[in-house]
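**Student:** Contents are mmCIF, C-alpha atoms; file name run.cif:
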```
data_my_file
#
loop_
_atom_site.label_atom_id
_atom_site.label_comp_id
_atom_site.auth_asym_id
_atom_site.auth_seq_id
_atom_site.Cartn_x
_atom_site.Cartn_y
_atom_site.Cartn_z
CA MET A 1 7.15 -27.16 5.55
CA ASP A 2 7.10 -24.62 2.73
CA TRP A 3 6.03 -26.56 -0.38
CA ASP A 4 6.07 -23.65 -2.82
CA PRO A 5 9.80 -23.71 -3.62
CA ILE A 6 9.77 -27.51 -4.06
CA LEU A 7 6.78 -27.40 -6.41
CA PHE A 8 8.39 -24.48 -8.18
CA TRP A 9 11.40 -26.64 -9.06
CA VAL A 10 9.17 -29.60 -9.94
CA MET A 11 7.39 -27.25 -12.35
CA ILE A 12 10.70 -26.14 -13.85
CA ALA A 13 11.76 -29.81 -14.17
CA ILE A 14 8.58 -30.76 -16.06
CA TRP A 15 8.95 -27.66 -18.16
CA VAL A 16 12.50 -28.65 -19.11
CA ILE A 17 11.88 -32.40 -19.55
CA MET A 18 9.07 -31.93 -22.08
CA PRO A 19 10.92 -29.87 -24.72
CA THR A 20 14.19 -31.72 -24.13
CA PHE A 21 12.52 -35.04 -24.88
CA ILE A 22 10.88 -33.61 -27.99
CA VAL A 23 14.10 -32.04 -29.28
CA ILE A 24 16.10 -35.25 -28.71
CA GLU A 25 13.43 -37.31 -30.47
CA GLU A 26 13.23 -34.86 -33.34
CA ILE A 27 17.01 -34.86 -33.85
CA ARG A 28 17.11 -38.66 -33.67
CA GLU A 29 14.34 -39.03 -36.25
CA ARG A 30 15.88 -36.49 -38.62
CA ARG A 31 19.23 -38.27 -38.38
CA ALA A 32 17.60 -41.64 -39.06
CA LEU A 33 15.77 -40.20 -42.06
CA ALA A 34 18.99 -38.71 -43.42
CA LYS A 35 20.70 -42.09 -42.95
CA ASP A 36 17.87 -43.83 -44.83
CA ARG A 37 18.17 -41.34 -47.65
CA GLU A 38 21.92 -41.87 -47.87
CA ALA A 39 21.43 -45.64 -47.90
CA GLU A 40 19.07 -45.28 -50.85
CA MET B 1 18.96 -30.26 1.04
CA ILE B 2 15.28 -29.56 0.30
CA GLU B 3 15.58 -26.35 2.29
CA LEU B 4 18.62 -25.38 0.20
CA ILE B 5 16.83 -26.06 -3.11
CA GLY B 6 13.78 -24.29 -1.78
CA SER B 7 15.71 -21.17 -0.90
CA LEU B 8 16.65 -20.76 -4.59
CA ALA B 9 13.05 -20.02 -5.50
CA GLY B 10 12.10 -18.27 -2.30
CA GLU B 11 8.70 -16.68 -2.13
CA ILE B 12 6.61 -16.77 -5.31
CA THR B 13 6.73 -13.07 -6.09
CA GLY B 14 8.36 -10.85 -8.70
CA GLU B 15 10.33 -12.81 -11.31
CA ALA B 16 9.30 -16.17 -9.79
CA ARG B 17 5.66 -15.14 -10.23
CA LEU B 18 6.33 -14.32 -13.90
CA ILE B 19 7.93 -17.75 -14.38
CA VAL B 20 4.93 -19.48 -12.76
CA ASP B 21 2.59 -17.43 -14.93
CA ILE B 22 4.48 -18.28 -18.14
CA ALA B 23 4.58 -21.97 -17.14
CA MET B 24 0.85 -21.99 -16.43
CA PHE B 25 -0.13 -20.40 -19.73
CA PHE B 26 2.42 -22.51 -21.57
CA GLY B 27 0.79 -25.62 -20.05
CA LEU B 28 -2.72 -24.45 -20.97
CA LEU B 29 -1.93 -23.35 -24.49
CA VAL B 30 0.32 -26.29 -25.26
CA ILE B 31 -2.67 -28.59 -24.62
CA VAL B 32 -4.80 -26.52 -27.03
CA ALA B 33 -2.01 -26.16 -29.62
CA MET B 34 -1.16 -29.87 -29.52
CA ALA B 35 -4.81 -30.79 -30.00
CA LEU B 36 -4.93 -28.32 -32.89
CA ASN B 37 -1.77 -29.83 -34.37
CA PHE B 38 -3.39 -33.23 -34.06
CA GLN B 39 -6.45 -32.00 -35.96
CA TYR B 40 -5.03 -29.57 -38.51
CA GLY B 41 -1.34 -30.44 -38.69
CA ASN B 42 -1.87 -34.17 -39.08
CA ALA B 43 -5.43 -34.71 -40.28
CA GLY B 44 -6.13 -31.45 -42.12
CA VAL B 45 -9.23 -30.61 -40.04
CA PRO B 46 -8.99 -26.82 -39.68
CA ASN B 47 -10.59 -26.42 -36.27
CA MET B 48 -11.24 -22.71 -35.84
CA GLY B 49 -13.51 -23.46 -32.90
CA CYS B 50 -10.96 -24.34 -30.19
CA ALA B 51 -12.59 -21.67 -28.02
CA VAL B 52 -15.81 -23.72 -27.95
CA GLN B 53 -14.10 -26.69 -26.37
CA VAL B 54 -12.18 -24.56 -23.87
CA ILE B 55 -15.35 -22.72 -22.90
CA VAL B 56 -17.12 -26.07 -22.39
CA GLY B 57 -14.41 -27.01 -19.86
CA ALA B 58 -14.82 -23.71 -18.02
CA PHE B 59 -18.62 -23.93 -18.02
CA THR B 60 -18.37 -27.47 -16.67
CA VAL B 61 -16.68 -26.02 -13.60
CA SER B 62 -19.01 -23.05 -13.18
CA ALA B 63 -22.30 -24.81 -13.94
CA ILE B 64 -21.81 -28.43 -12.82
CA THR B 65 -18.90 -28.70 -10.38
CA MET B 66 -20.01 -25.64 -8.46
CA ARG B 67 -23.57 -26.98 -7.96
CA LEU B 68 -22.16 -30.34 -6.90
CA THR B 69 -19.87 -28.60 -4.42
CA PHE B 70 -22.75 -26.57 -3.01
CA TRP B 71 -24.79 -29.77 -2.63
CA ILE B 72 -21.89 -31.54 -0.84
CA VAL B 73 -21.33 -28.58 1.49
CA GLU B 74 -25.05 -28.30 2.29
CA SER B 75 -25.19 -32.05 2.92
CA ALA B 76 -22.41 -31.54 5.46
CA GLY B 77 -24.71 -29.20 7.38
CA ILE B 78 -23.36 -25.81 6.29
CA LYS B 79 -26.13 -23.39 5.44
CA LEU B 80 -25.44 -21.54 2.18
CA LEU B 81 -27.12 -18.35 0.98
CA PRO B 82 -29.86 -18.99 -1.60
CA TYR B 83 -28.50 -19.64 -5.11
CA TYR B 84 -31.47 -20.93 -7.13
CA SER B 85 -32.57 -17.78 -8.97
CA ASP B 86 -30.40 -15.96 -11.54
CA PHE B 87 -29.97 -13.02 -9.19
CA ASP B 88 -28.97 -15.15 -6.17
CA TRP B 89 -26.65 -17.31 -8.25
CA VAL B 90 -24.60 -14.26 -9.21
CA TYR B 91 -24.90 -11.94 -6.20
CA ASN B 92 -24.61 -14.51 -3.39
CA ASN B 93 -21.84 -16.34 -5.19
CA GLN B 94 -18.92 -14.53 -3.59
CA ILE B 95 -20.06 -15.20 0.00
CA ASN B 96 -21.09 -18.76 -0.78
CA VAL B 97 -17.76 -19.61 -2.38
CA HIS B 98 -15.21 -17.63 -0.37
CA VAL B 99 -16.80 -17.59 3.08
CA LEU B 100 -18.66 -20.88 3.22
CA VAL B 101 -17.36 -23.37 0.63
CA ASN B 102 -13.60 -22.72 0.52
CA PRO B 103 -13.07 -23.19 4.31
CA TYR B 104 -14.91 -26.54 4.00
CA LEU B 105 -12.64 -27.61 1.11
CA LYS B 106 -9.61 -26.54 3.14
CA GLU B 107 -10.62 -29.01 5.85
CA HIS B 108 -11.51 -31.79 3.37
CA PRO B 109 -8.70 -32.21 0.82
CA MET B 110 -10.03 -35.52 -0.53
CA VAL B 111 -13.33 -33.86 -1.43
CA ALA B 112 -11.45 -31.03 -3.17
CA ILE B 113 -9.24 -33.44 -5.15
CA SER B 114 -12.28 -35.53 -6.09
CA LEU B 115 -13.99 -32.38 -7.37
CA LEU B 116 -10.95 -31.58 -9.53
CA LEU B 117 -10.92 -35.10 -10.99
CA PHE B 118 -14.69 -35.02 -11.44
CA SER B 119 -14.45 -31.70 -13.33
CA MET B 120 -11.78 -33.05 -15.65
CA ALA B 121 -13.70 -36.27 -16.33
CA VAL B 122 -16.96 -34.42 -17.06
CA ALA B 123 -15.12 -31.85 -19.22
CA LEU B 124 -13.52 -34.68 -21.23
CA VAL B 125 -16.94 -36.23 -21.89
CA LEU B 126 -18.73 -32.93 -22.58
CA GLY B 127 -15.85 -31.64 -24.72
CA ALA B 128 -15.98 -34.83 -26.79
CA PHE B 129 -19.78 -34.52 -27.02
CA ILE B 130 -19.48 -30.91 -28.23
CA GLY B 131 -16.88 -32.05 -30.77
CA TRP B 132 -19.34 -34.64 -32.02
CA LEU B 133 -22.14 -32.05 -32.09
CA MET B 134 -19.93 -29.63 -34.02
CA SER B 135 -19.03 -32.32 -36.48
CA LEU B 136 -22.65 -33.14 -37.34
CA PRO B 137 -23.37 -30.18 -39.63
CA ALA B 138 -19.81 -29.26 -40.43
CA ILE B 139 -17.55 -32.25 -41.01
CA ARG B 140 -18.66 -32.92 -44.58
CA LEU B 141 -17.89 -29.34 -45.58
CA LYS B 142 -14.78 -28.21 -47.40
CA ALA B 143 -12.02 -26.64 -45.27
CA THR B 144 -13.03 -22.99 -45.78
CA TYR B 145 -16.70 -23.54 -44.93
CA LEU B 146 -15.78 -25.78 -42.00
CA MET B 147 -13.63 -22.97 -40.59
CA ILE B 148 -16.45 -20.43 -40.94
CA VAL B 149 -18.96 -22.74 -39.23
CA LEU B 150 -16.56 -23.44 -36.34
CA ILE B 151 -15.78 -19.73 -35.80
CA THR B 152 -19.52 -19.07 -35.62
CA MET B 153 -19.95 -21.88 -33.08
CA ALA B 154 -17.21 -20.35 -30.89
CA ASP B 155 -19.10 -17.06 -30.85
CA THR B 156 -22.39 -18.82 -30.17
CA SER B 157 -20.99 -20.55 -27.11
CA GLN B 158 -19.92 -17.19 -25.70
CA ILE B 159 -23.38 -15.75 -26.34
CA PHE B 160 -24.91 -18.63 -24.34
CA GLY B 161 -22.59 -17.86 -21.42
CA ARG B 162 -23.30 -14.14 -21.62
CA ASN B 163 -27.09 -14.47 -21.64
CA ILE B 164 -27.74 -17.39 -19.31
CA PRO B 165 -26.54 -16.38 -15.81
CA GLN B 166 -27.09 -19.91 -14.47
CA ILE B 167 -24.14 -21.13 -16.58
CA SER B 168 -21.38 -18.71 -15.66
CA GLY B 169 -22.99 -15.65 -14.10
CA GLY B 170 -23.61 -13.82 -17.38
CA THR B 171 -21.43 -10.78 -17.99
CA LEU B 172 -20.44 -10.53 -14.30
CA GLY B 173 -19.01 -14.03 -14.03
CA VAL B 174 -18.86 -16.26 -10.96
CA PHE B 175 -16.18 -17.34 -8.51
CA VAL B 176 -15.61 -21.09 -8.49
CA PRO B 177 -14.61 -23.15 -5.45
CA ASN B 178 -10.90 -23.30 -4.80
CA VAL B 179 -10.08 -26.99 -5.09
CA PHE B 180 -6.54 -26.24 -3.88
CA ALA B 181 -7.73 -24.55 -0.68
CA TRP B 182 -6.10 -27.37 1.32
CA TYR B 183 -2.68 -26.53 -0.15
CA PRO B 184 -0.78 -24.36 2.34
CA GLY B 185 1.17 -22.34 -0.25
CA ASP B 186 0.54 -20.50 -3.49
CA ARG B 187 -2.37 -21.85 -5.54
CA GLY B 188 -0.73 -20.72 -8.81
CA VAL B 189 2.28 -23.01 -8.37
CA ILE B 190 0.32 -26.21 -7.74
CA THR B 191 -2.08 -25.42 -10.61
CA ALA B 192 0.90 -24.81 -12.93
CA VAL B 193 2.50 -28.14 -11.92
CA ILE B 194 -0.76 -30.04 -12.55
CA THR B 195 -1.34 -28.25 -15.86
CA LEU B 196 2.18 -28.99 -17.11
CA ALA B 197 1.86 -32.62 -16.00
CA ILE B 198 -1.43 -32.94 -17.92
CA GLY B 199 0.24 -31.27 -20.92
CA LEU B 200 3.02 -33.88 -20.73
CA VAL B 201 0.53 -36.76 -20.58
CA ALA B 202 -1.47 -35.24 -23.47
CA PHE B 203 1.75 -34.99 -25.48
CA PHE B 204 2.49 -38.70 -25.00
CA ILE B 205 -1.10 -39.62 -25.92
CA PHE B 206 -0.96 -37.58 -29.14
CA ARG B 207 2.52 -38.87 -29.94
CA THR B 208 1.42 -42.49 -29.54
CA MET B 209 -1.61 -41.89 -31.72
CA LEU B 210 0.40 -40.14 -34.43
CA ASN B 211 2.97 -42.94 -34.55
CA SER B 212 0.27 -45.58 -34.86
CA PRO B 213 -1.29 -46.80 -38.15
CA TYR B 214 -4.22 -44.48 -37.33
CA GLY B 215 -1.82 -41.52 -37.37
CA ARG B 216 -0.60 -42.54 -40.83
CA LEU B 217 -4.21 -42.80 -41.96
CA MET B 218 -4.78 -39.27 -40.67
CA ARG B 219 -1.86 -38.00 -42.70
CA ALA B 220 -3.16 -39.82 -45.75
CA ILE B 221 -6.54 -38.09 -45.33
CA ARG B 222 -4.78 -34.75 -45.04
CA GLU B 223 -2.84 -35.36 -48.26
CA ASN B 224 -5.64 -36.75 -50.38
CA GLU B 225 -8.96 -37.73 -48.88
CA VAL B 226 -10.38 -38.89 -52.22
CA THR B 227 -7.67 -41.55 -52.51
CA VAL B 228 -8.25 -42.70 -48.93
CA ALA B 229 -12.02 -42.89 -49.54
CA SER B 230 -11.42 -44.83 -52.74
CA VAL B 231 -9.66 -47.62 -50.82
CA GLY B 232 -12.69 -48.06 -48.59
CA LYS B 233 -11.90 -45.89 -45.56
CA ASN B 234 -14.66 -43.88 -43.91
CA VAL B 235 -13.11 -40.42 -44.25
CA VAL B 236 -16.01 -38.54 -42.65
CA GLY B 237 -16.06 -40.95 -39.69
CA ILE B 238 -12.30 -40.66 -39.15
CA ARG B 239 -12.40 -36.85 -39.30
CA ARG B 240 -15.29 -36.88 -36.82
CA ASN B 241 -13.36 -39.16 -34.44
CA ILE B 242 -10.37 -36.83 -34.62
CA LEU B 243 -12.50 -33.80 -33.82
CA VAL B 244 -14.24 -35.62 -30.94
CA PHE B 245 -11.00 -36.87 -29.38
CA ALA B 246 -9.14 -33.56 -29.67
CA SER B 247 -12.17 -31.63 -28.37
CA GLY B 248 -12.21 -33.72 -25.19
CA ILE B 249 -8.52 -32.99 -24.52
CA THR B 250 -8.94 -29.27 -25.29
CA ALA B 251 -11.78 -29.00 -22.76
CA LEU B 252 -9.26 -29.87 -20.01
CA ALA B 253 -7.53 -26.55 -20.66
CA GLY B 254 -10.81 -24.79 -19.83
CA VAL B 255 -11.12 -26.62 -16.50
CA LEU B 256 -7.55 -25.82 -15.47
CA ASN B 257 -7.91 -22.19 -16.53
CA ALA B 258 -11.07 -21.86 -14.42
CA PHE B 259 -9.33 -23.29 -11.35
CA TYR B 260 -6.23 -21.16 -11.91
CA PHE B 261 -8.26 -17.95 -11.77
CA SER B 262 -10.93 -19.40 -9.43
CA PHE B 263 -13.27 -17.39 -11.59
CA VAL B 264 -15.27 -18.00 -14.76
CA VAL B 265 -16.63 -15.31 -17.05
CA GLU B 266 -17.47 -15.79 -20.68
CA ALA B 267 -15.34 -12.79 -21.73
CA ASN B 268 -12.21 -14.78 -20.74
CA TYR B 269 -12.87 -17.25 -23.54
CA GLN B 270 -12.81 -15.08 -26.60
CA ARG B 271 -11.87 -16.71 -29.85
CA ALA B 272 -8.82 -14.43 -30.26
CA TRP B 273 -7.35 -15.88 -27.08
CA TRP B 274 -8.24 -19.52 -27.47
CA THR B 275 -8.35 -19.92 -31.26
CA TYR B 276 -6.18 -17.36 -33.03
CA TRP B 277 -3.24 -17.47 -30.63
CA PRO B 278 -3.02 -21.31 -30.76
CA TRP B 279 -3.22 -21.06 -34.57
CA LEU B 280 -0.35 -18.56 -34.55
CA MET B 281 1.66 -20.94 -32.35
CA LEU B 282 1.01 -23.77 -34.77
CA ILE B 283 1.83 -21.75 -37.89
CA LEU B 284 4.88 -20.12 -36.28
CA GLY B 285 6.36 -23.42 -35.07
CA GLY B 286 5.34 -25.45 -38.11
CA PRO B 287 2.22 -27.57 -38.45
CA GLY B 288 2.49 -31.35 -38.51
CA ASN B 289 5.26 -31.73 -35.97
CA ASN B 290 5.25 -31.60 -32.21
CA ALA B 291 8.61 -29.87 -31.87
CA GLY B 292 7.31 -26.96 -33.93
CA THR B 293 4.14 -26.74 -31.86
CA PHE B 294 6.17 -26.60 -28.66
CA LEU B 295 8.56 -24.01 -30.01
CA GLY B 296 5.75 -21.82 -31.33
CA CYS B 297 3.87 -22.15 -28.05
CA ALA B 298 6.91 -21.30 -25.91
CA LEU B 299 7.82 -18.26 -28.04
CA VAL B 300 4.32 -16.80 -28.20
CA VAL B 301 3.45 -17.40 -24.53
CA ALA B 302 6.75 -15.96 -23.29
CA MET B 303 6.36 -12.96 -25.57
CA ARG B 304 2.79 -12.27 -24.45
CA ARG B 305 3.44 -12.68 -20.73
CA ILE B 306 6.53 -10.47 -20.89
CA ILE B 307 4.56 -7.76 -22.70
CA ILE B 308 1.87 -7.95 -20.01
CA TYR B 309 4.36 -8.07 -17.16
CA TYR B 310 6.48 -5.17 -18.40
CA LYS B 311 3.66 -3.16 -19.96
CA TRP B 312 4.62 -0.01 -18.07
CA PHE B 313 8.10 -0.23 -19.50
CA PHE B 314 6.91 -0.81 -23.10
CA ASP B 315 4.13 1.73 -22.83
CA GLN B 316 6.49 4.71 -23.00
CA TYR B 317 7.69 3.69 -26.49
CA PHE B 318 4.26 3.54 -28.16
CA PHE B 319 1.79 6.25 -29.00
CA PHE B 320 -1.13 3.80 -28.63
CA PRO B 321 -2.24 1.79 -25.56
CA ILE B 322 0.02 -1.21 -24.95
CA SER B 323 -2.98 -3.59 -24.87
CA TYR B 324 -3.32 -3.10 -28.64
CA PHE B 325 0.30 -4.13 -29.11
CA GLU B 326 -0.56 -7.78 -28.49
CA ASP B 327 -3.13 -7.82 -31.28
CA ILE B 328 -0.79 -5.94 -33.60
CA LEU B 329 1.89 -8.49 -32.77
CA LEU B 330 -0.47 -11.36 -33.58
CA GLY B 331 -1.29 -9.93 -37.01
CA THR B 332 2.29 -8.93 -37.82
CA LEU B 333 3.76 -12.27 -36.77
CA LEU B 334 1.19 -14.17 -38.83
CA ILE B 335 1.96 -12.10 -41.94
CA VAL B 336 5.75 -12.33 -41.47
CA VAL B 337 5.65 -16.10 -40.93
CA MET B 338 3.34 -16.66 -43.89
CA ILE B 339 5.65 -14.63 -46.17
CA PHE B 340 9.09 -15.74 -45.00
CA ARG B 341 8.52 -19.15 -43.36
CA PRO B 342 5.27 -20.62 -44.71
CA SER B 343 6.15 -24.06 -43.33
CA GLY B 344 7.05 -22.67 -39.89
CA LEU B 345 10.31 -22.45 -37.93
CA ILE B 346 10.65 -26.26 -37.85
CA PRO B 347 9.22 -27.61 -41.12
CA GLU B 348 7.46 -30.96 -41.12
CA LYS B 349 9.67 -33.92 -41.93
CA LEU B 350 8.90 -37.24 -43.55
CA LEU B 351 7.31 -39.73 -41.20
CA TYR B 352 9.93 -41.93 -39.59
CA ILE B 353 8.80 -45.44 -38.74
CA PRO B 354 11.59 -47.61 -37.31
CA GLY B 355 12.06 -50.74 -39.41
CA VAL B 356 9.94 -49.53 -42.32
CA PRO B 357 11.76 -47.97 -45.33
CA TYR B 358 9.17 -45.21 -45.55
CA GLY B 359 11.42 -43.05 -47.71
CA ARG B 360 11.43 -45.74 -50.40
CA LEU B 361 7.68 -46.20 -50.24
CA VAL B 362 6.82 -42.52 -50.49
CA ARG B 363 8.46 -40.74 -53.37
CA GLU B 364 7.65 -37.23 -52.38
CA GLU B 365 10.38 -35.61 -54.38
CA VAL B 366 9.13 -36.90 -57.71
CA LYS B 367 8.62 -33.97 -60.01
CA VAL B 368 6.59 -34.61 -63.12
CA ASP B 369 6.94 -32.30 -66.07
CA TRP B 370 3.58 -32.94 -67.67
CA ARG B 371 4.45 -30.99 -70.81
CA LYS B 372 7.41 -33.24 -71.55
CA ALA B 373 5.84 -36.52 -70.39
CA PRO B 374 3.74 -37.28 -73.55
CA ARG B 375 6.70 -36.51 -75.79
CA ALA B 376 8.96 -38.70 -73.66
CA ARG B 377 6.46 -41.54 -73.86
CA ALA B 378 6.17 -41.14 -77.62
CA ALA B 379 9.94 -41.33 -77.93
CA GLY B 380 9.94 -44.54 -75.88
CA GLU B 381 11.73 -42.83 -73.05
CA LYS B 382 10.57 -43.68 -69.55
CA PRO B 383 9.78 -40.57 -67.47
CA ARG B 384 11.52 -40.28 -64.10
CA TRP B 385 8.34 -40.81 -62.09
CA MET B 386 7.64 -44.24 -63.68
CA PHE B 387 10.07 -45.88 -61.30
CA TRP B 388 8.31 -49.25 -61.38
CA LYS B 389 9.25 -49.72 -65.07
CA ARG B 390 12.96 -49.20 -64.48
#
```
Let me see the file written as structure tokens.
**Tutor:**
Amino acid sequence: MDWDPILFWVMIAIWVIMPTFIVIEEIRERRALAKDREAE
Amino acid sequence: MIELIGSLAGEITGEARLIVDIAMFFGLLVIVAMALNFQYGNAGVPNMGCAVQVIVGAFTVSAITMRLTFWIVESAGIKLLPYYSDFDWVYNNQINVHVLVNPYLKEHPMVAISLLLFSMAVALVLGAFIGWLMSLPAIRLKATYLMIVLITMADTSQIFGRNIPQISGGTLGVFVPNVFAWYPGDRGVITAVITLAIGLVAFFIFRTMLNSPYGRLMRAIRENEVTVASVGKNVVGIRRNILVFASGITALAGVLNAFYFSFVVEANYQRAWWTYWPWLMLILGGPGNNAGTFLGCALVVAMRRIIIYYKWFFDQYFFFPISYFEDILLGTLLIVVMIFRPSGLIPEKLLYIPGVPYGRLVREEVKVDWRKAPRARAAGEKPRWMFWKR
């Protein structure tokens, strides 16, 4: 079986998961901070 | 289904090769940049010696793993060419590695995987040890002097590699055993997957540490180390621990880089490559936050690999060799970012700790007009920053 194409897409998946997770977390934290500031 | 998905990528050539290359260097440099963000962005330790730790990882492969591999292969009854003298170590290396060792590793995948894990474990320990060694004379220094000492150490490590052939073959370099020889396809793809996976794990480790009380202590040291010392914290010890921990992680990038190229030469570990470019990534993205580090890393790596990949296309538009364009780009980008976006593309935000009203505890936006404050006090007026008397 040719593993290269499968690993290629695994690589793309890891490459996409990492920044997506970071961006989602960043947006969530910034929103929470803004909410805190409004509550003050 | 797998065949269908597989057919989308096809053979790893052309554009797919560029993508693998970008992913690989993104994985390598994101490890270095994240470790740098951990040190400088969060603790204020300006590590200008990232190249030292990376080179330690690469030298671990060329000096230790390779000898261990040779010993294993000889124990299995395969006769290698002599490799004890400086001359033999360099000139018999190609036949020893490509003709005799790699076919053995192809037949014994568990040995090859064990060698990869062994290299990473040793690099972690040696990287941390080098971090500790670097911290001995330097950690008590002020930021500027610390930077100068660390730059010098990066150069020194290269000089060792250049002049002692037994480490990495001197100026000629040495081939290292292919620990992915058992893999039937392209070595670049599997190395890129492993590198990105290690980058992901490193990210979660750094994230956990930064969200812990220790991470908040690091930020406190960055902001005002005198205050932190005055409440009884060992500032020098904490800065040393940070340097040691981040150095260990950075050394992994050296190991993976060595296995990606299957070759180690000291010239591959210049400080421009492994120190200045990660610094640019950090400054471009914004120090003190992981999202900025990732963005900076992705932008710079993609830009560099595309310049290299399409150099014949770009070359016709410049009157100077295209290889200089990268360095010009580094300098220009640094200047532009420092002038127009000193806090990076994604500026650092206040620390968010779920359940703790951090915003109320830290009054960062308090502006004190010191010229008016004495007059305000004399008039019985409470200045804005004296919030506890309200």
**Student:** Per residue of chain A within 8 Å of chain B, note the shortest atom pair and the distance in Å to one decimal, counting all atoms listed in the file, and order the rows by chain and increasing residue number, as a Markdown table.
**Tutor:**
```
| residue | atom | partner | partner_atom | distance |
| --- | --- | --- | --- | --- |
| A:Asp2 | CA | B:Gly185 | CA | 7.0 |
| A:Trp3 | CA | B:Gly185 | CA | 6.4 |
| A:Asp4 | CA | B:Gly185 | CA | 5.7 |
| A:Pro5 | CA | B:Gly6 | CA | 4.4 |
| A:Ile6 | CA | B:Gly6 | CA | 5.6 |
| A:Leu7 | CA | B:Val189 | CA | 6.6 |
| A:Phe8 | CA | B:Val189 | CA | 6.3 |
| A:Trp9 | CA | B:Ala9 | CA | 7.7 |
| A:Val10 | CA | B:Val193 | CA | 7.1 |
| A:Met11 | CA | B:Val193 | CA | 5.0 |
| A:Ile14 | CA | B:Leu196 | CA | 6.7 |
| A:Trp15 | CA | B:Leu196 | CA | 7.0 |
| A:Met18 | CA | B:Leu200 | CA | 6.5 |
| A:Pro19 | CA | B:Phe294 | CA | 7.0 |
| A:Ile22 | CA | B:Ala291 | CA | 5.8 |
| A:Val23 | CA | B:Ala291 | CA | 6.4 |
| A:Glu26 | CA | B:Ala291 | CA | 7.0 |
| A:Glu29 | CA | B:Tyr352 | CA | 6.2 |
| A:Arg30 | CA | B:Lys349 | CA | 7.5 |
| A:Ala32 | CA | B:Tyr352 | CA | 7.7 |
| A:Leu33 | CA | B:Tyr352 | CA | 6.6 |
| A:Asp36 | CA | B:Gly359 | CA | 7.1 |
| A:Arg37 | CA | B:Gly359 | CA | 7.0 |
| A:Glu40 | CA | B:Arg360 | CA | 7.7 |
```
**Student:** I'd like the neighbourhood of Val174 in chain B as a PyMOL selection string, where a residue qualifies if any of its atoms comes within 12 Å (using all atoms listed in the file), though same-chain residues fewer than 6 positions away should be ignored.
**Tutor:** chain B and resi 58-59+61-63+66+83+86-98+161-162+165-168+258-259+261-268
**Student:** Please report the interatomic distance between CA of Cys50 in chain B and CA of Leu133 in chain B in Å with one decimal.
**Tutor:** 13.7 Å
**Student:** List the spatial neighbours of range 109-122 of chain B as a VMD selection string - criterion: any atom at most 8 Å away, only C-alpha atoms, same-chain residues fewer than 6 positions off excluded.
**Tutor:** chain B and resid 57 60 to 61 65 69 178 to 182 252 255
**Student:** Just write the chosen residues, C-alpha atoms, as a PDB file, in the coordinates of the input.
**Tutor:**
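Below you can see out_31.pdb, which holds the result:
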```pdb
ATOM      1  CA  GLY B  57     -14.410 -27.010 -19.860  1.00  0.00           C
ATOM      2  CA  THR B  60     -18.370 -27.470 -16.670  1.00  0.00           C
ATOM      3  CA  VAL B  61     -16.680 -26.020 -13.600  1.00  0.00           C
ATOM      4  CA  THR B  65     -18.900 -28.700 -10.380  1.00  0.00           C
ATOM      5  CA  THR B  69     -19.870 -28.600  -4.420  1.00  0.00           C
ATOM      6  CA  ASN B 178     -10.900 -23.300  -4.800  1.00  0.00           C
ATOM      7  CA  VAL B 179     -10.080 -26.990  -5.090  1.00  0.00           C
ATOM      8  CA  PHE B 180      -6.540 -26.240  -3.880  1.00  0.00           C
ATOM      9  CA  ALA B 181      -7.730 -24.550  -0.680  1.00  0.00           C
ATOM     10  CA  TRP B 182      -6.100 -27.370   1.320  1.00  0.00           C
ATOM     11  CA  LEU B 252      -9.260 -29.870 -20.010  1.00  0.00           C
ATOM     12  CA  VAL B 255     -11.120 -26.620 -16.500  1.00  0.00           C
TER      13      VAL B 255
END
```
**Student:** Kindly give the distance, in Å, that separates CA of Arg31 in chain A and CA of Pro213 in chain B, rounded to a single decimal.
**Tutor:**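 Separation between CA of Arg31 in chain A and CA of Pro213 in chain B: 22.2 Å.
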**Student:** Can you measure CA of Phe21 in chain A to CA of Ile249 in chain B for me? One decimal in Å is fine.
**Tutor:**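 These two atoms are separated by 21.1 Å.
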